[in-house]
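Just query_5.txt here, compact mmCIF, C-alpha atoms and all ligand atoms:
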```
# COMPACT_ATOMS: atom_id res chain seq x y z
CA MET A 22 0.00 0.00 0.00
CA ASN A 23 1.15 3.51 -0.73
CA LEU A 24 -0.61 6.21 1.30
CA GLU A 25 1.05 8.85 -0.89
CA ASN A 26 -1.24 7.73 -3.69
CA ILE A 27 -4.42 8.14 -1.68
CA ARG A 28 -6.01 11.59 -1.54
CA ILE A 29 -8.93 12.87 0.48
CA VAL A 30 -11.27 15.10 -1.51
CA LEU A 31 -13.74 17.36 0.32
CA VAL A 32 -16.51 18.60 -1.90
CA ASN A 33 -18.00 22.02 -1.23
CA THR A 34 -17.43 21.93 2.53
CA SER A 35 -19.32 24.67 4.42
CA HIS A 36 -17.57 24.76 7.79
CA PRO A 37 -13.87 25.65 7.74
CA GLY A 38 -13.51 24.01 11.15
CA ASN A 39 -14.30 20.67 9.53
CA ILE A 40 -11.54 21.19 6.99
CA GLY A 41 -9.07 21.67 9.85
CA GLY A 42 -10.47 18.61 11.61
CA VAL A 43 -10.00 16.56 8.43
CA ALA A 44 -6.37 17.72 8.10
CA ARG A 45 -5.70 16.56 11.63
CA ALA A 46 -7.48 13.23 11.15
CA MET A 47 -5.42 12.60 8.04
CA LYS A 48 -2.07 13.54 9.56
CA ASN A 49 -2.71 11.38 12.62
CA MET A 50 -3.09 8.38 10.32
CA GLY A 51 -0.23 9.29 7.97
CA LEU A 52 -2.15 10.70 5.00
CA THR A 53 -1.02 14.00 3.52
CA ARG A 54 -2.87 14.76 0.32
CA LEU A 55 -5.94 16.92 0.78
CA TYR A 56 -8.03 18.36 -2.07
CA LEU A 57 -10.69 20.99 -1.49
CA VAL A 58 -13.28 21.38 -4.20
CA GLU A 59 -15.00 24.75 -3.92
CA PRO A 60 -14.75 25.16 -0.15
CA ARG A 61 -17.35 27.71 0.95
CA GLN A 62 -15.11 29.56 3.42
CA TYR A 63 -11.43 28.95 3.04
CA PRO A 64 -8.77 29.86 4.10
CA ASP A 65 -10.12 30.57 7.54
CA GLU A 66 -8.57 30.78 10.98
CA ARG A 67 -11.08 28.22 12.28
CA ALA A 68 -9.55 25.67 9.92
CA THR A 69 -6.05 26.45 11.14
CA TRP A 70 -7.23 26.28 14.73
CA ARG A 71 -8.86 22.87 14.36
CA ALA A 72 -5.90 21.48 12.43
CA THR A 73 -3.56 22.11 15.42
CA SER A 74 -0.30 20.42 14.41
CA ALA A 75 -1.57 19.45 10.98
CA THR A 76 -1.43 22.89 9.38
CA ASP A 77 1.15 21.52 6.93
CA VAL A 78 -1.61 19.34 5.46
CA LEU A 79 -3.71 22.51 5.03
CA ASP A 80 -0.76 24.42 3.55
CA ASN A 81 -0.25 21.72 0.96
CA ALA A 82 -3.96 21.30 0.18
CA VAL A 83 -4.95 21.68 -3.46
CA ILE A 84 -7.96 23.91 -4.01
CA THR A 85 -9.98 23.38 -7.17
CA SER A 86 -13.20 24.77 -8.57
CA THR A 87 -14.47 21.49 -10.02
CA LEU A 88 -14.47 17.87 -8.87
CA GLU A 89 -13.00 16.83 -12.22
CA GLU A 90 -9.87 18.89 -11.56
CA ALA A 91 -9.39 17.20 -8.20
CA ILE A 92 -9.76 13.63 -9.46
CA GLY A 93 -8.95 13.81 -13.18
CA ASP A 94 -5.69 11.86 -12.80
CA CYS A 95 -7.18 9.18 -10.51
CA GLN A 96 -7.81 5.60 -11.60
CA PHE A 97 -9.86 4.63 -8.57
CA VAL A 98 -12.49 6.80 -6.91
CA VAL A 99 -14.49 6.00 -3.79
CA GLY A 100 -17.59 8.00 -2.82
CA THR A 101 -18.70 8.11 0.80
CA SER A 102 -22.33 8.36 1.72
CA ALA A 103 -24.40 8.23 4.87
CA ARG A 104 -27.43 6.73 3.15
CA SER A 105 -27.83 4.15 0.45
CA ARG A 106 -29.03 5.95 -2.64
CA ARG A 107 -31.56 4.94 -5.22
CA ILE A 108 -28.83 4.14 -7.70
CA PRO A 109 -27.49 0.70 -6.79
CA TRP A 110 -23.69 0.75 -6.72
CA PRO A 111 -21.06 -1.56 -5.27
CA LEU A 112 -21.21 -0.63 -1.60
CA LEU A 113 -18.55 -1.53 0.97
CA ASP A 114 -17.90 -0.85 4.63
CA PRO A 115 -14.71 1.07 5.55
CA ARG A 116 -12.66 -2.04 6.28
CA ALA A 117 -13.44 -3.84 3.06
CA CYS A 118 -13.06 -0.62 1.12
CA ALA A 119 -9.67 0.11 2.69
CA GLY A 120 -8.56 -3.31 1.48
CA ARG A 121 -9.46 -2.41 -2.11
CA MET A 122 -7.82 1.00 -1.89
CA ALA A 123 -4.68 -0.49 -0.41
CA GLU A 124 -4.32 -2.94 -3.30
CA VAL A 125 -4.87 -0.33 -5.97
CA SER A 126 -2.67 2.32 -4.33
CA ASP A 127 0.52 0.43 -5.15
CA ARG A 128 0.08 1.28 -8.82
CA GLU A 129 -2.65 3.87 -9.12
CA GLN A 130 -4.00 7.17 -7.87
CA VAL A 131 -6.90 6.79 -5.46
CA ALA A 132 -9.40 9.44 -4.31
CA VAL A 133 -11.94 9.27 -1.51
CA LEU A 134 -14.73 11.83 -1.85
CA PHE A 135 -16.56 13.35 1.09
CA GLY A 136 -19.68 15.44 0.68
CA ARG A 137 -21.27 18.57 2.03
CA GLU A 138 -22.27 18.70 5.69
CA ASP A 139 -25.90 19.37 4.81
CA ARG A 140 -26.48 17.35 1.65
CA GLY A 141 -23.61 14.95 1.19
CA LEU A 142 -22.52 14.12 -2.37
CA THR A 143 -24.95 14.55 -5.27
CA ASN A 144 -26.07 11.56 -7.32
CA ASP A 145 -23.95 12.84 -10.20
CA GLU A 146 -20.89 12.98 -7.98
CA LEU A 147 -21.59 9.48 -6.68
CA LYS A 148 -21.88 8.24 -10.25
CA VAL A 149 -18.25 9.04 -11.05
CA CYS A 150 -17.15 6.62 -8.31
CA ASN A 151 -15.94 3.05 -8.71
CA LEU A 152 -17.46 2.15 -5.42
CA HIS A 153 -19.36 3.57 -2.54
CA LEU A 154 -18.38 3.43 1.08
CA ASN A 155 -20.86 3.52 3.92
CA ILE A 156 -19.87 3.65 7.59
CA PRO A 157 -22.27 1.41 9.52
CA THR A 158 -24.22 3.40 12.11
CA SER A 159 -27.34 3.29 14.24
CA GLU A 160 -30.48 3.37 12.10
CA GLU A 161 -31.66 6.34 14.09
CA TYR A 162 -28.84 8.68 13.08
CA SER A 163 -26.53 7.74 10.24
CA SER A 164 -24.82 11.01 9.43
CA LEU A 165 -21.38 11.44 11.03
CA ASN A 166 -19.50 14.68 11.35
CA LEU A 167 -17.39 15.10 8.23
CA ALA A 168 -14.00 14.97 9.99
CA MET A 169 -15.06 11.92 11.98
CA ALA A 170 -16.07 10.11 8.80
CA VAL A 171 -12.66 10.93 7.32
CA GLN A 172 -11.02 9.71 10.53
CA ILE A 173 -12.65 6.29 10.27
CA VAL A 174 -11.65 5.79 6.65
CA CYS A 175 -8.06 6.89 7.32
CA TYR A 176 -7.87 4.70 10.41
CA GLU A 177 -8.78 1.60 8.42
CA LEU A 178 -6.02 2.43 5.94
CA ARG A 179 -3.60 2.87 8.83
CA MET A 180 -4.52 -0.52 10.28
CA LEU A 181 -3.75 -2.19 6.96
CA LEU A 182 -0.47 -0.33 6.62
CA ASP A 183 0.63 -1.39 10.10
CA ALA A 184 -0.49 -4.97 9.43
CA GLU A 185 1.81 -5.04 6.38
CA LYS A 186 4.77 -4.12 8.59
CA LEU A 187 4.08 -6.74 11.23
CA PRO A 188 4.74 -10.44 10.86
CA ALA A 189 1.55 -12.07 9.60
CA THR A 190 0.56 -13.44 12.98
CA GLU A 191 1.64 -13.35 16.58
CA ASP A 192 2.93 -16.89 16.13
CA ASP A 193 5.57 -15.76 13.64
CA GLN A 194 7.38 -13.78 16.29
CA TRP A 195 7.20 -16.40 19.06
CA ASP A 196 10.67 -17.20 20.39
CA THR A 197 10.20 -20.92 21.02
CA PRO A 198 8.69 -23.54 18.74
CA PHE A 199 5.20 -24.66 19.62
CA ALA A 200 4.83 -28.13 21.11
CA THR A 201 4.30 -30.94 18.65
CA ARG A 202 1.25 -33.21 18.84
CA GLU A 203 3.52 -36.06 19.93
CA ASN A 204 4.95 -34.11 22.85
CA MET A 205 1.50 -32.91 23.84
CA GLU A 206 0.37 -36.55 24.00
CA ARG A 207 3.35 -37.44 26.19
CA PHE A 208 2.43 -34.57 28.46
CA TYR A 209 -1.20 -35.69 28.75
CA THR A 210 -0.10 -39.23 29.57
CA HIS A 211 2.29 -37.91 32.22
CA LEU A 212 -0.40 -35.58 33.60
CA GLU A 213 -3.00 -38.33 33.77
CA GLU A 214 -0.57 -40.72 35.50
CA THR A 215 0.34 -38.10 38.06
CA LEU A 216 -3.26 -37.14 38.73
CA VAL A 217 -4.10 -40.80 39.31
CA ASP A 218 -1.04 -41.26 41.52
CA ILE A 219 -1.93 -38.33 43.76
CA GLY A 220 -5.53 -39.47 43.96
CA PHE A 221 -7.02 -36.51 42.11
CA LEU A 222 -8.24 -38.57 39.18
CA ASP A 223 -10.10 -41.78 39.93
CA PRO A 224 -9.46 -44.16 37.02
CA ALA A 225 -12.71 -45.92 37.87
CA ALA A 226 -14.66 -42.67 37.48
CA PRO A 227 -12.54 -40.33 35.31
CA ARG A 228 -15.55 -38.22 34.26
CA GLN A 229 -14.51 -35.59 31.69
CA LEU A 230 -11.43 -34.46 33.59
CA MET A 231 -8.82 -35.30 30.93
CA ALA A 232 -11.00 -33.96 28.15
CA ARG A 233 -11.42 -30.70 30.01
CA LEU A 234 -7.70 -30.42 30.71
CA ARG A 235 -6.93 -31.09 27.06
CA ARG A 236 -9.32 -28.36 26.08
CA LEU A 237 -7.72 -25.99 28.57
CA TYR A 238 -4.17 -26.59 27.30
CA SER A 239 -5.12 -26.52 23.65
CA ARG A 240 -6.69 -23.10 24.14
CA VAL A 241 -3.29 -21.64 25.05
CA ARG A 242 -1.13 -23.57 22.60
CA LEU A 243 1.95 -24.41 24.66
CA ASP A 244 5.46 -24.00 23.36
CA GLU A 245 8.17 -26.63 24.00
CA MET A 246 9.67 -24.66 26.86
CA GLU A 247 6.35 -24.30 28.66
CA LEU A 248 5.66 -27.96 28.11
CA ASN A 249 9.01 -28.88 29.70
CA ILE A 250 8.21 -26.72 32.72
CA LEU A 251 4.89 -28.47 33.22
CA ARG A 252 6.47 -31.89 32.79
CA GLY A 253 9.20 -30.93 35.29
CA MET A 254 6.51 -30.01 37.79
CA LEU A 255 4.82 -33.39 37.29
CA THR A 256 8.12 -35.23 37.76
CA GLU A 257 8.84 -33.34 40.99
CA THR A 258 5.30 -34.00 42.24
CA GLN A 259 5.80 -37.70 41.67
CA LYS A 260 8.93 -37.70 43.84
CA PHE A 261 6.79 -36.96 46.89
CA LEU A 262 4.53 -39.96 46.43
CA PRO A 263 4.70 -42.83 48.96
CA ARG A 264 6.16 -45.92 47.29
CA ASP A 265 6.56 -49.56 48.21
CA GLU A 266 9.97 -51.31 48.30
CA ALA A 267 9.78 -52.02 44.58
CA GLY A 268 9.40 -48.29 43.94
CA LYS A 269 5.79 -48.61 42.87
CA VAL A 270 3.45 -45.83 43.96
CA ILE A 271 1.13 -46.95 46.75
CA ASP A 272 -2.43 -46.71 45.47
CA PRO A 273 -3.87 -43.58 47.11
CA GLN A 274 -7.39 -45.08 46.91
CA ALA A 275 -6.21 -48.03 49.01
CA LYS A 276 -5.11 -45.81 51.92
N1 LIG B 1 -27.00 14.59 5.13
C1 LIG B 1 -25.87 14.12 4.43
C2 LIG B 1 -24.77 13.81 5.42
C3 LIG B 1 -23.57 14.54 5.14
S1 LIG B 1 -22.36 14.27 6.32
C4 LIG B 1 -26.18 12.84 3.68
O1 LIG B 1 -27.21 12.29 3.96
O2 LIG B 1 -25.42 12.41 2.85
C5 LIG B 1 -20.97 14.84 5.44
C6 LIG B 1 -20.16 13.76 4.77
O3 LIG B 1 -19.59 12.92 5.74
C7 LIG B 1 -20.92 12.85 3.83
O4 LIG B 1 -21.12 13.40 2.56
C8 LIG B 1 -19.97 11.68 3.78
O5 LIG B 1 -18.90 12.01 2.94
C9 LIG B 1 -19.47 11.62 5.21
N2 LIG B 1 -20.31 10.72 6.03
C10 LIG B 1 -21.06 11.04 7.09
N3 LIG B 1 -21.66 9.96 7.61
C11 LIG B 1 -21.27 8.93 6.85
C12 LIG B 1 -21.52 7.52 6.87
N4 LIG B 1 -22.33 6.96 7.77
N5 LIG B 1 -20.93 6.74 5.95
C13 LIG B 1 -20.12 7.28 5.02
N6 LIG B 1 -19.82 8.59 4.95
C14 LIG B 1 -20.39 9.40 5.85
```

Is it possible to give me this structure as structure tokens?
Ligand code: SAH
Amino acid sequence: MNLENIRIVLVNTSHPGNIGGVARAMKNMGLTRLYLVEPRQYPDERATWRATSATDVLDNAVITSTLEEAIGDCQFVVGTSARSRRIPWPLLDPRACAGRMAEVSDREQVAVLFGREDRGLTNDELKVCNLHLNIPTSEEYSSLNLAMAVQIVCYELRMLLDAEKLPATEDDQWDTPFATRENMERFYTHLEETLVDIGFLDPAAPRQLMARLRRLYSRVRLDEMELNILRGMLTETQKFLPRDEAGKVIDPQAK
């Protein structure tokens, strides 16, 4: 993914404060390219104020008088909308949509369009988009503040970017190999023996004890080191057991 190839386009925004809020939301998540199509009041000190430490994003913003100028060089355009419109269009949630944008952004220019505070994007504007993005909300109130909608979209991109940098799963960075099935079986045998020897498990009425213990240990997925620790504890426990002259453990049930 290349965040440099993803731009945020605000169409005809009325409140300059929202423009500042968008700049901040973008910078927090590592996006830098802001396009303002016909902003109603801009520049404005309320924008600068809301941007706080993201005024560089505002300074570098490109202001255009038409949407076409802002997205003419883009190969992939996403339109955001609070309601599903009459025109059926491929519609994705922010996470799925971020996945598509991430893929495309390696090779192509991507734009995400955000509409007016009062009316959103027009049907004509939504029709130039390759897909539509809707942020799931309560049915009662589906319209987010503009900067907060931008925040959510940028956050999903950020999550994907960070996921690319990390090893695929937690397991990949584990320092010790995970226990093999064979060693797990040896452990269960050892555990069962010990539990019988100390009188905790009655072989005549085992109930579901071993099954439950297996389920417990398989939930954590032990590594070889942890397995050795547990087996060491079992071995030490067995040393305390009363034995007959032949070294055989005296049946605790017989006591
Ligand atoms: N009344 C307008 C809401 C505009 S909110 C409408 O019904 O469309 C301003 C902008 O924030 C929207 O144009 C859209 O870009 C974004 N937005 C707000 N809520 C959203 C949501 N639930 N899903 C996607 N985008 C949303």

Neighbours of ligand LIG 1 (chain B) at 7 Å or closer, counting all atoms listed in the file: which residues, as a PDB file with C-alpha atoms, in the frame of the given file?
```pdb
ATOM      1  CA  THR A 101     -18.700   8.110   0.800  1.00  0.00           C
ATOM      2  CA  SER A 102     -22.330   8.360   1.720  1.00  0.00           C
ATOM      3  CA  ALA A 103     -24.400   8.230   4.870  1.00  0.00           C
ATOM      4  CA  ARG A 104     -27.430   6.730   3.150  1.00  0.00           C
ATOM      5  CA  LEU A 134     -14.730  11.830  -1.850  1.00  0.00           C
ATOM      6  CA  PHE A 135     -16.560  13.350   1.090  1.00  0.00           C
ATOM      7  CA  GLY A 136     -19.680  15.440   0.680  1.00  0.00           C
ATOM      8  CA  ARG A 137     -21.270  18.570   2.030  1.00  0.00           C
ATOM      9  CA  GLU A 138     -22.270  18.700   5.690  1.00  0.00           C
ATOM     10  CA  ASP A 139     -25.900  19.370   4.810  1.00  0.00           C
ATOM     11  CA  ARG A 140     -26.480  17.350   1.650  1.00  0.00           C
ATOM     12  CA  GLY A 141     -23.610  14.950   1.190  1.00  0.00           C
ATOM     13  CA  LEU A 142     -22.520  14.120  -2.370  1.00  0.00           C
ATOM     14  CA  LEU A 154     -18.380   3.430   1.080  1.00  0.00           C
ATOM     15  CA  ASN A 155     -20.860   3.520   3.920  1.00  0.00           C
ATOM     16  CA  ILE A 156     -19.870   3.650   7.590  1.00  0.00           C
ATOM     17  CA  PRO A 157     -22.270   1.410   9.520  1.00  0.00           C
ATOM     18  CA  THR A 158     -24.220   3.400  12.110  1.00  0.00           C
ATOM     19  CA  SER A 163     -26.530   7.740  10.240  1.00  0.00           C
ATOM     20  CA  SER A 164     -24.820  11.010   9.430  1.00  0.00           C
ATOM     21  CA  LEU A 165     -21.380  11.440  11.030  1.00  0.00           C
ATOM     22  CA  ASN A 166     -19.500  14.680  11.350  1.00  0.00           C
ATOM     23  CA  LEU A 167     -17.390  15.100   8.230  1.00  0.00           C
ATOM     24  CA  ALA A 170     -16.070  10.110   8.800  1.00  0.00           C
TER      25      ALA A 170
END
```

**Prompt:** A:Gly120, A:Gly268, A:Gly41, A:Pro111: which is nearest A:Val78, counting all atoms listed in the file?
**Reply:**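 With all atoms listed in the file as the atom set, the closest residue is A:Gly41.
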
**Message:** I want to know what sits within 10 Å of A:Ala75, based on all atoms listed in the file, with residues of the same chain fewer than 4 positions away left out; could you give that as a list in words?
**Reply:**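 Returned residues: Gly41, Gly42, Val43, Ala44, Arg45, Ala46, Met47, Lys48, Asn49, Thr53, Thr69, Trp70, Arg71, Leu79 and Asp80 of chain A.
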
**Request:** Extract, using all atoms listed in the file, all DNA, RNA and protein residues at most 9 Å from stretch 175-181 of chain A, discarding same-chain residues fewer than 5 positions from it, and format them as a ChimeraX atom specification.
**Result:** /A:22,24,46-47,49-52,115-120,122-123,170,186

**Item:** Between atom CA of A:Asp218 and atom CA of A:Arg252, distance in Å (one decimal)
**Value:**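 Distance reported for this atom pair: 14.8 Å.
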
**Request:** Enter the distance from atom CA of A:Ala132 to atom CA of A:Gln62, in Å, rounded to one decimal.
**Result:**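 Value for the atom CA of A:Ala132-atom CA of A:Gln62 distance: 22.3 Å.
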
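Atom CA of A:Met231 is found 15.9 Å from atom CA of A:Arg202.
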